[in-house]
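As provided, work.cif (mmCIF, C-alpha atoms and all ligand atoms) reads as follows.
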data_run
loop_
_atom_site.group_PDB
_atom_site.id
_atom_site.type_symbol
_atom_site.label_atom_id
_atom_site.label_comp_id
_atom_site.auth_asym_id
_atom_site.auth_seq_id
_atom_site.Cartn_x
_atom_site.Cartn_y
_atom_site.Cartn_z
ATOM 1 C CA MET B 1 221.115 263.695 37.042
ATOM 2 C CA VAL B 2 219.591 263.015 40.425
ATOM 3 C CA ASN B 3 219.945 265.342 43.373
ATOM 4 C CA SER B 4 219.443 263.014 46.286
ATOM 5 C CA GLY B 5 220.254 265.701 48.838
ATOM 6 C CA LEU B 6 222.137 262.959 50.658
ATOM 7 C CA THR B 7 223.822 264.029 53.875
ATOM 8 C CA VAL B 8 227.222 262.505 54.617
ATOM 9 C CA SER B 9 229.459 262.788 57.660
ATOM 10 C CA SER B 10 233.022 264.072 57.700
ATOM 11 C CA GLY B 11 234.353 263.829 61.232
ATOM 12 C CA ALA B 12 232.128 265.997 63.410
ATOM 13 C CA TYR B 13 230.664 267.704 60.334
ATOM 14 C CA LYS B 14 227.829 266.880 58.005
ATOM 15 C CA ILE B 15 227.881 267.657 54.303
ATOM 16 C CA MET B 16 224.674 268.051 52.371
ATOM 17 C CA ARG B 17 223.763 268.854 48.803
ATOM 18 C CA LEU B 18 221.077 271.517 48.958
ATOM 19 C CA LEU B 19 217.673 270.547 47.637
ATOM 20 C CA PRO B 20 214.995 272.752 46.091
ATOM 21 C CA GLY B 21 213.370 274.614 48.973
ATOM 22 C CA GLN B 22 216.585 275.108 50.910
ATOM 23 C CA VAL B 23 216.816 278.778 50.052
ATOM 24 C CA ALA B 24 217.740 279.852 53.588
ATOM 25 C CA GLN B 25 220.686 277.453 53.509
ATOM 26 C CA PHE B 26 221.821 278.916 50.176
ATOM 27 C CA ARG B 27 221.827 282.336 51.842
ATOM 28 C CA GLN B 28 224.015 280.912 54.602
ATOM 29 C CA ILE B 29 226.524 279.734 52.006
ATOM 30 C CA ASN B 30 226.593 283.241 50.509
ATOM 31 C CA ALA B 31 227.243 284.621 54.002
ATOM 32 C CA ILE B 32 230.227 282.258 54.365
ATOM 33 C CA PHE B 33 231.550 283.437 50.967
ATOM 34 C CA ALA B 34 231.056 287.133 51.884
ATOM 35 C CA GLU B 35 233.110 286.717 55.019
ATOM 36 C CA ALA B 36 235.789 284.394 53.643
ATOM 37 C CA PHE B 37 236.414 286.498 50.518
ATOM 38 C CA GLY B 38 236.023 289.803 52.390
ATOM 39 C CA ASP B 39 233.591 290.746 49.630
ATOM 40 C CA ALA B 40 230.307 291.881 51.135
ATOM 41 C CA ASP B 41 229.766 294.006 48.030
ATOM 42 C CA SER B 42 229.388 290.978 45.743
ATOM 43 C CA TYR B 43 227.927 288.492 48.193
ATOM 44 C CA SER B 44 225.597 290.399 50.472
ATOM 45 C CA SER B 45 224.850 293.911 49.261
ATOM 46 C CA HIS B 46 222.438 292.823 46.488
ATOM 47 C CA PRO B 47 221.091 289.484 47.695
ATOM 48 C CA PRO B 48 219.065 287.459 45.201
ATOM 49 C CA GLY B 49 215.364 286.951 45.881
ATOM 50 C CA ASP B 50 213.913 283.696 47.152
ATOM 51 C CA ALA B 51 212.451 282.832 43.727
ATOM 52 C CA TYR B 52 215.847 283.243 42.053
ATOM 53 C CA LEU B 53 217.635 281.058 44.588
ATOM 54 C CA GLN B 54 214.844 278.506 44.404
ATOM 55 C CA SER B 55 215.150 278.388 40.612
ATOM 56 C CA LEU B 56 218.901 277.763 40.967
ATOM 57 C CA LEU B 57 218.273 274.917 43.382
ATOM 58 C CA GLN B 58 215.841 273.364 40.892
ATOM 59 C CA LYS B 59 218.507 273.254 38.186
ATOM 60 C CA THR B 60 220.268 269.926 38.168
ATOM 61 C CA HIS B 61 223.417 271.529 36.748
ATOM 62 C CA VAL B 62 223.804 273.745 39.822
ATOM 63 C CA ILE B 63 225.476 271.955 42.724
ATOM 64 C CA ALA B 64 225.428 273.677 46.119
ATOM 65 C CA LEU B 65 227.106 271.795 48.953
ATOM 66 C CA GLU B 66 227.002 272.907 52.545
ATOM 67 C CA ALA B 67 228.925 271.655 55.574
ATOM 68 C CA PHE B 68 227.546 272.177 59.002
ATOM 69 C CA ASP B 69 228.491 271.545 62.583
ATOM 70 C CA GLY B 70 225.264 271.021 64.505
ATOM 71 C CA ASP B 71 223.086 273.883 63.257
ATOM 72 C CA ALA B 72 225.971 276.125 62.272
ATOM 73 C CA VAL B 73 226.954 276.371 58.614
ATOM 74 C CA VAL B 74 230.733 276.233 58.438
ATOM 75 C CA ALA B 75 231.564 275.812 54.746
ATOM 76 C CA GLY B 76 230.059 275.934 51.285
ATOM 77 C CA LEU B 77 230.853 275.008 47.694
ATOM 78 C CA VAL B 78 228.936 276.008 44.578
ATOM 79 C CA ALA B 79 229.711 274.343 41.258
ATOM 80 C CA HIS B 80 228.120 274.205 37.815
ATOM 81 C CA VAL B 81 227.921 271.265 35.461
ATOM 82 C CA LEU B 82 228.832 272.298 31.911
ATOM 83 C CA GLU B 83 227.530 270.072 29.146
ATOM 84 C CA LYS B 84 230.089 269.758 26.360
ATOM 85 C CA PHE B 85 229.627 269.414 22.618
ATOM 86 C CA GLU B 86 232.796 267.845 21.165
ATOM 87 C CA GLN B 87 231.897 264.666 22.994
ATOM 88 C CA GLU B 88 228.895 263.544 24.984
ATOM 89 C CA ARG B 89 230.400 264.477 28.298
ATOM 90 C CA SER B 90 230.339 267.151 30.961
ATOM 91 C CA GLU B 91 232.755 269.083 33.125
ATOM 92 C CA ILE B 92 232.217 270.602 36.537
ATOM 93 C CA TYR B 93 233.437 274.076 37.396
ATOM 94 C CA ILE B 94 233.832 275.046 41.051
ATOM 95 C CA TYR B 95 232.713 278.666 41.235
ATOM 96 C CA ASP B 96 233.226 279.222 44.920
ATOM 97 C CA LEU B 97 234.476 277.302 47.897
ATOM 98 C CA ALA B 98 235.058 278.634 51.407
ATOM 99 C CA VAL B 99 235.380 277.400 54.950
ATOM 100 C CA SER B 100 234.723 279.672 57.933
ATOM 101 C CA GLU B 101 237.959 280.766 59.559
ATOM 102 C CA ALA B 102 237.467 278.863 62.825
ATOM 103 C CA ASN B 103 236.966 275.593 60.955
ATOM 104 C CA ARG B 104 239.921 275.598 58.592
ATOM 105 C CA ARG B 105 242.619 272.932 58.370
ATOM 106 C CA LYS B 106 240.197 270.263 59.519
ATOM 107 C CA GLY B 107 239.773 268.668 56.129
ATOM 108 C CA LEU B 108 236.465 270.334 55.282
ATOM 109 C CA ALA B 109 237.413 271.738 51.888
ATOM 110 C CA ARG B 110 238.892 268.400 50.897
ATOM 111 C CA ALA B 111 235.718 266.656 52.123
ATOM 112 C CA LEU B 112 233.496 269.006 50.094
ATOM 113 C CA ILE B 113 235.545 268.327 46.958
ATOM 114 C CA ALA B 114 235.453 264.586 47.694
ATOM 115 C CA GLU B 115 231.654 264.855 47.834
ATOM 116 C CA LEU B 116 231.651 266.770 44.557
ATOM 117 C CA LYS B 117 233.775 264.015 43.011
ATOM 118 C CA LYS B 118 231.133 261.460 43.971
ATOM 119 C CA ILE B 119 228.473 263.550 42.243
ATOM 120 C CA ALA B 120 230.802 263.959 39.234
ATOM 121 C CA GLN B 121 231.248 260.200 38.997
ATOM 122 C CA ALA B 122 227.504 259.619 39.351
ATOM 123 C CA ILE B 123 226.705 261.911 36.409
ATOM 124 C CA GLY B 124 229.642 260.781 34.259
ATOM 125 C CA ALA B 125 231.546 264.092 34.304
ATOM 126 C CA TRP B 126 235.121 263.652 33.164
ATOM 127 C CA VAL B 127 236.850 266.496 35.044
ATOM 128 C CA ILE B 128 236.383 269.053 37.811
ATOM 129 C CA TYR B 129 238.212 272.348 37.463
ATOM 130 C CA VAL B 130 238.688 275.481 39.536
ATOM 131 C CA GLN B 131 240.617 278.746 39.340
ATOM 132 C CA ALA B 132 242.669 280.461 42.022
ATOM 133 C CA ASP B 133 244.315 283.863 42.100
ATOM 134 C CA LYS B 134 248.064 284.343 42.274
ATOM 135 C CA GLY B 135 247.990 286.555 45.403
ATOM 136 C CA ASP B 136 248.723 285.618 48.997
ATOM 137 C CA ALA B 137 245.039 285.433 49.893
ATOM 138 C CA ASP B 138 244.602 282.393 47.642
ATOM 139 C CA LEU B 139 247.706 280.561 48.833
ATOM 140 C CA PRO B 140 245.748 278.101 51.032
ATOM 141 C CA ALA B 141 243.423 277.424 48.090
ATOM 142 C CA ARG B 142 246.356 276.838 45.734
ATOM 143 C CA ARG B 143 247.939 274.424 48.216
ATOM 144 C CA LEU B 144 244.604 272.614 48.519
ATOM 145 C CA TYR B 145 244.126 272.305 44.749
ATOM 146 C CA GLU B 146 247.762 271.323 44.198
ATOM 147 C CA SER B 147 247.212 268.469 46.647
ATOM 148 C CA MET B 148 244.237 267.263 44.612
ATOM 149 C CA GLY B 149 244.807 268.201 41.005
ATOM 150 C CA VAL B 150 247.127 269.202 38.187
ATOM 151 C CA ARG B 151 247.833 272.892 37.614
ATOM 152 C CA GLU B 152 247.427 274.556 34.225
ATOM 153 C CA ASP B 153 248.766 278.090 33.755
ATOM 154 C CA VAL B 154 246.330 280.101 31.694
ATOM 155 C CA PHE B 155 245.396 283.722 31.139
ATOM 156 C CA HIS B 156 241.918 284.650 32.248
ATOM 157 C CA TYR B 157 240.062 287.439 30.413
ATOM 158 C CA ASP B 158 236.846 289.220 31.330
ATOM 159 C CA ILE B 159 235.067 290.621 28.284
ATOM 160 C CA ALA B 160 232.707 293.482 29.043
ATOM 161 C CA VAL B 161 229.156 292.932 27.888
ATOM 162 C CA LYS B 162 228.679 296.586 26.850
HETATM 163 C C1 LIG V 1 241.132 277.425 50.895
HETATM 164 C C2 LIG V 1 240.167 276.898 51.957
HETATM 165 C C3 LIG V 1 238.821 276.624 51.294
HETATM 166 C C4 LIG V 1 240.741 275.572 52.525
HETATM 167 O O1 LIG V 1 239.782 275.039 53.421
HETATM 168 P P1 LIG V 1 240.190 274.023 54.586
HETATM 169 O O2 LIG V 1 238.963 273.318 55.019
HETATM 170 O O3 LIG V 1 240.958 274.743 55.619
HETATM 171 O O4 LIG V 1 241.164 273.025 53.814
HETATM 172 P P2 LIG V 1 241.490 271.520 54.262
HETATM 173 O O5 LIG V 1 241.547 271.445 55.755
HETATM 174 O O6 LIG V 1 240.563 270.582 53.564
HETATM 175 O O7 LIG V 1 242.972 271.370 53.699
HETATM 176 C C5 LIG V 1 243.324 270.403 52.739
HETATM 177 C C6 LIG V 1 244.747 270.676 52.295
HETATM 178 O O8 LIG V 1 244.845 271.955 51.656
HETATM 179 C C7 LIG V 1 246.129 272.558 51.961
HETATM 180 N N1 LIG V 1 245.908 273.765 52.769
HETATM 181 C C8 LIG V 1 244.718 274.232 53.232
HETATM 182 N N2 LIG V 1 244.919 275.387 53.910
HETATM 183 C C9 LIG V 1 246.238 275.649 53.855
HETATM 184 C C10 LIG V 1 247.054 276.697 54.363
HETATM 185 N N3 LIG V 1 246.544 277.733 55.074
HETATM 186 N N4 LIG V 1 248.379 276.661 54.119
HETATM 187 C C11 LIG V 1 248.924 275.645 53.421
HETATM 188 N N5 LIG V 1 248.207 274.593 52.925
HETATM 189 C C12 LIG V 1 246.884 274.623 53.138
HETATM 190 C C13 LIG V 1 246.895 271.506 52.768
HETATM 191 O O9 LIG V 1 247.551 270.665 51.823
HETATM 192 C C14 LIG V 1 245.757 270.753 53.424
HETATM 193 O O10 LIG V 1 246.104 269.453 53.836
HETATM 194 P P3 LIG V 1 246.747 269.233 55.295
HETATM 195 O O11 LIG V 1 245.908 269.987 56.279
HETATM 196 O O12 LIG V 1 246.676 267.731 55.451
HETATM 197 O O13 LIG V 1 248.134 269.772 55.215
HETATM 198 C C15 LIG V 1 240.029 277.901 53.137
HETATM 199 O O14 LIG V 1 241.318 278.288 53.575
HETATM 200 C C16 LIG V 1 239.239 279.133 52.799
HETATM 201 O O15 LIG V 1 238.014 279.147 52.879
HETATM 202 N N6 LIG V 1 239.932 280.212 52.375
HETATM 203 C C17 LIG V 1 239.262 281.476 52.040
HETATM 204 C C18 LIG V 1 238.423 281.351 50.807
HETATM 205 C C19 LIG V 1 239.198 280.849 49.598
HETATM 206 O O16 LIG V 1 240.335 281.235 49.362
HETATM 207 N N7 LIG V 1 238.519 279.997 48.800
HETATM 208 C C20 LIG V 1 239.070 279.456 47.608
HETATM 209 C C21 LIG V 1 238.913 280.424 46.474
HETATM 210 S S1 LIG V 1 239.662 279.814 44.989
#
Show the structure stored in the file as structure tokens.
Amino acid sequence: MVNSGLTVSSGAYKIMRLLPGQVAQFRQINAIFAEAFGDADSYSSHPPGDAYLQSLLQKTHVIALEAFDGDAVVAGLVAHVLEKFEQERSEIYIYDLAVSEANRRKGLARALIAELKKIAQAIGAWVIYVQADKGDADLPARRLYESMGVREDVFHYDIAVK
């Protein structure tokens, strides 16, 4: 899997896959997530160190996409490639996706997912999947995903480690 770090244009915006070394940009994506999800506790109260973020960026199965307008980061998407075992194939899971409030409804989320699809095709992944909550806060996300994919109703369980 090659991370070309290619930058593409979407209207006035540029979309880039982060390359190893772009730790500061990864922090900017986390800042977008903290604000968009209203979850500073998870996204900014215990920030990872530079070495940790750098190690993530060196992993080919970690895909971090950033959209920016000039120098300003306006959206981010982080996804993981999961290598399967029942067949020689992989799936891509979108962990987080957010667009800053002032830049919504301009096609940025769709453009980020379109970019992810190109990467998925390049590595031979067979599906991209994502989860959304049932509450009002995730309504825009559900509308977005409904416009791009097929919904499956599942139960999600968190199993405590200890
Ligand atoms: C969900 C989110 C990422 C969408 O980003 P966006 O850049 O505004 O989305 P796009 O402009 O690409 O919209 C694409 C389509 O999604 C749907 N959509 C997006 N926002 C919507 C909204 N508020 N209401 C209804 N439909 C919406 C529409 O079908 C839209 O197409 P259209 O504009 O041609 O009607 C953004 O609202 C956001 O960051 N929300 C907070 C974080 C979040 O919920 N992330 C997802 C967690 S699962």
Please identify all protein, DNA and RNA residues within 7 Å of ligand LIG 1 (chain V), counting all atoms listed in the file, and report them as a compact mmCIF listing (two decimals) with C-alpha atoms, in the coordinates of the input.
# COMPACT_ATOMS: atom_id res chain seq x y z
CA ALA B 36 235.79 284.39 53.64
CA PHE B 37 236.41 286.50 50.52
CA ASP B 96 233.23 279.22 44.92
CA LEU B 97 234.48 277.30 47.90
CA ALA B 98 235.06 278.63 51.41
CA VAL B 99 235.38 277.40 54.95
CA SER B 100 234.72 279.67 57.93
CA GLU B 101 237.96 280.77 59.56
CA ASN B 103 236.97 275.59 60.96
CA ARG B 104 239.92 275.60 58.59
CA ARG B 105 242.62 272.93 58.37
CA LYS B 106 240.20 270.26 59.52
CA GLY B 107 239.77 268.67 56.13
CA LEU B 108 236.46 270.33 55.28
CA ALA B 109 237.41 271.74 51.89
CA ARG B 110 238.89 268.40 50.90
CA ALA B 111 235.72 266.66 52.12
CA GLN B 131 240.62 278.75 39.34
CA ALA B 132 242.67 280.46 42.02
CA ASP B 133 244.32 283.86 42.10
CA ALA B 137 245.04 285.43 49.89
CA ASP B 138 244.60 282.39 47.64
CA LEU B 139 247.71 280.56 48.83
CA PRO B 140 245.75 278.10 51.03
CA ALA B 141 243.42 277.42 48.09
CA ARG B 143 247.94 274.42 48.22
CA LEU B 144 244.60 272.61 48.52
CA TYR B 145 244.13 272.30 44.75
CA SER B 147 247.21 268.47 46.65
Inset, instruction - Rank B:Val62, B:Val74, B:Ala102, B:Leu53 by their smallest atom-to-atom distance to Leu116 (chain B), using all atoms listed in the file, and report the top residue only. - result: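 So, comparing all the options, the nearest one is B:Val62.
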Inset, instruction - To one decimal in Å, tell me the separation between CA of Leu18 (chain B) and CA of Asp41 (chain B). - result: 24.1 Å
Legend entry - Distance in Å - CA of Pro20 (chain B) versus CA of Leu82 (chain B):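 These atoms are spaced 19.8 Å apart.
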Inset, instruction - May I ask for the distance between CA of Ala125 (chain B) and CA of Ala31 (chain B), given in Å to one decimal place? - result: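 Straight-line distance from CA of Ala125 (chain B) to CA of Ala31 (chain B) works out to 28.8 Å.
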Legend entry - Minimum-distance residue to Glu66 (chain B), chosen among B:Glu152, B:Gln22, B:Ala160, B:Tyr129 (using all atoms listed in the file):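 Answer, going by the shortest atom-to-atom distance: B:Gln22.
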Inset, instruction - Give as a PyMOL selection string the residues that the PyMOL selection byres (((chain B and resi 54) around 12) and not hetatm) matches when applied to the coordinates above. - result: chain B and resi 18-27+48-53+55-60+62+64
Legend entry - Best match for closeness to Gln121 (chain B) among B:Ala72, B:Ser90, B:Gly38, B:Met16, counting all atoms listed in the file: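 Residue with the minimum atom-to-atom distance to Gln121 (chain B): B:Ser90.
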Inset, instruction - Tell me which of B:Val161, B:Val81, B:Leu112, B:Val154 sits closest to Ile128 (chain B), counting only C-alpha atoms. - result: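 So, comparing all the options, the nearest one is B:Val81.
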Inset, instruction - Name the closest residue to Tyr13 (chain B) among the candidates B:Phe68, B:Trp126, B:Phe155, B:Phe85; distances are taken between atoms, counting all atoms listed in the file. - result: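 Nearest to Tyr13 (chain B): B:Phe68.
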Inset, instruction - Have a look at B:Val127, B:Val8, B:Ile63, B:Ile113 and name the one nearest to Ala79 (chain B); count all atoms listed in the file. - result: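 Among the listed residues, the smallest separation from Ala79 (chain B) belongs to B:Ile63.
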Can you take the partial region 135-146 of chain B, add all heavy atoms, and return it as a short mmCIF file (atom, residue, chain, number, x, y, z; two decimals), keeping the file's coordinate frame?
data_model
loop_
_atom_site.label_atom_id
_atom_site.label_comp_id
_atom_site.auth_asym_id
_atom_site.auth_seq_id
_atom_site.Cartn_x
_atom_site.Cartn_y
_atom_site.Cartn_z
N GLY B 135 247.62 285.80 44.20
CA GLY B 135 247.99 286.56 45.40
C GLY B 135 248.07 285.69 46.65
O GLY B 135 247.69 284.51 46.66
N ASP B 136 248.55 286.33 47.73
CA ASP B 136 248.72 285.62 49.00
C ASP B 136 247.41 285.08 49.54
O ASP B 136 247.38 284.03 50.18
CB ASP B 136 249.33 286.56 50.05
CG ASP B 136 250.80 286.84 49.76
OD1 ASP B 136 251.36 286.12 48.91
OD2 ASP B 136 251.35 287.77 50.37
N ALA B 137 246.33 285.83 49.31
CA ALA B 137 245.04 285.43 49.89
C ALA B 137 244.61 284.05 49.41
O ALA B 137 243.93 283.32 50.13
CB ALA B 137 243.97 286.46 49.54
N ASP B 138 245.01 283.69 48.20
CA ASP B 138 244.60 282.39 47.64
C ASP B 138 245.64 281.30 47.85
O ASP B 138 245.49 280.20 47.31
CB ASP B 138 244.30 282.53 46.14
CG ASP B 138 242.82 282.83 45.91
OD1 ASP B 138 242.14 283.22 46.88
OD2 ASP B 138 242.34 282.67 44.76
N LEU B 139 246.67 281.58 48.62
CA LEU B 139 247.71 280.56 48.83
C LEU B 139 247.14 279.27 49.43
O LEU B 139 247.43 278.17 48.93
CB LEU B 139 248.85 281.12 49.70
CG LEU B 139 250.03 280.19 49.87
CD1 LEU B 139 250.74 279.95 48.53
CD2 LEU B 139 251.02 280.76 50.87
N PRO B 140 246.32 279.35 50.51
CA PRO B 140 245.75 278.10 51.03
C PRO B 140 244.97 277.34 49.96
O PRO B 140 245.07 276.11 49.86
CB PRO B 140 244.82 278.58 52.15
CG PRO B 140 245.40 279.88 52.59
CD PRO B 140 245.93 280.51 51.34
N ALA B 141 244.20 278.09 49.15
CA ALA B 141 243.42 277.42 48.09
C ALA B 141 244.35 276.74 47.09
O ALA B 141 244.13 275.60 46.67
CB ALA B 141 242.52 278.45 47.40
N ARG B 142 245.43 277.44 46.71
CA ARG B 142 246.36 276.84 45.73
C ARG B 142 246.99 275.57 46.30
O ARG B 142 247.15 274.57 45.61
CB ARG B 142 247.43 277.86 45.32
CG ARG B 142 246.87 279.02 44.51
CD ARG B 142 247.95 279.74 43.72
NE ARG B 142 249.02 280.25 44.54
CZ ARG B 142 249.01 281.44 45.17
NH1 ARG B 142 247.96 282.22 45.05
NH2 ARG B 142 250.04 281.84 45.89
N ARG B 143 247.36 275.63 47.59
CA ARG B 143 247.94 274.42 48.22
C ARG B 143 246.92 273.28 48.20
O ARG B 143 247.27 272.12 47.94
CB ARG B 143 248.35 274.72 49.65
CG ARG B 143 249.47 275.69 49.79
CD ARG B 143 250.82 275.00 49.54
NE ARG B 143 251.91 275.95 49.65
CZ ARG B 143 252.43 276.64 48.64
NH1 ARG B 143 251.97 276.46 47.42
NH2 ARG B 143 253.42 277.48 48.83
N LEU B 144 245.68 273.63 48.52
CA LEU B 144 244.60 272.61 48.52
C LEU B 144 244.47 271.98 47.13
O LEU B 144 244.49 270.76 46.98
CB LEU B 144 243.28 273.28 48.93
CG LEU B 144 242.00 272.49 48.68
CD1 LEU B 144 241.91 271.30 49.63
CD2 LEU B 144 240.78 273.40 48.85
N TYR B 145 244.36 272.84 46.10
CA TYR B 145 244.13 272.30 44.75
C TYR B 145 245.35 271.55 44.24
O TYR B 145 245.22 270.55 43.54
CB TYR B 145 243.74 273.44 43.79
CG TYR B 145 242.52 274.23 44.23
CD1 TYR B 145 242.45 275.61 44.07
CD2 TYR B 145 241.44 273.59 44.84
CE1 TYR B 145 241.34 276.33 44.50
CE2 TYR B 145 240.33 274.30 45.26
CZ TYR B 145 240.29 275.67 45.10
OH TYR B 145 239.19 276.37 45.53
N GLU B 146 246.55 272.05 44.61
CA GLU B 146 247.76 271.32 44.20
C GLU B 146 247.80 269.92 44.79
O GLU B 146 248.34 268.99 44.19
CB GLU B 146 249.02 272.10 44.62
CG GLU B 146 249.42 273.16 43.61
CD GLU B 146 250.26 274.28 44.22
OE1 GLU B 146 250.88 274.06 45.27
OE2 GLU B 146 250.26 275.38 43.63
#
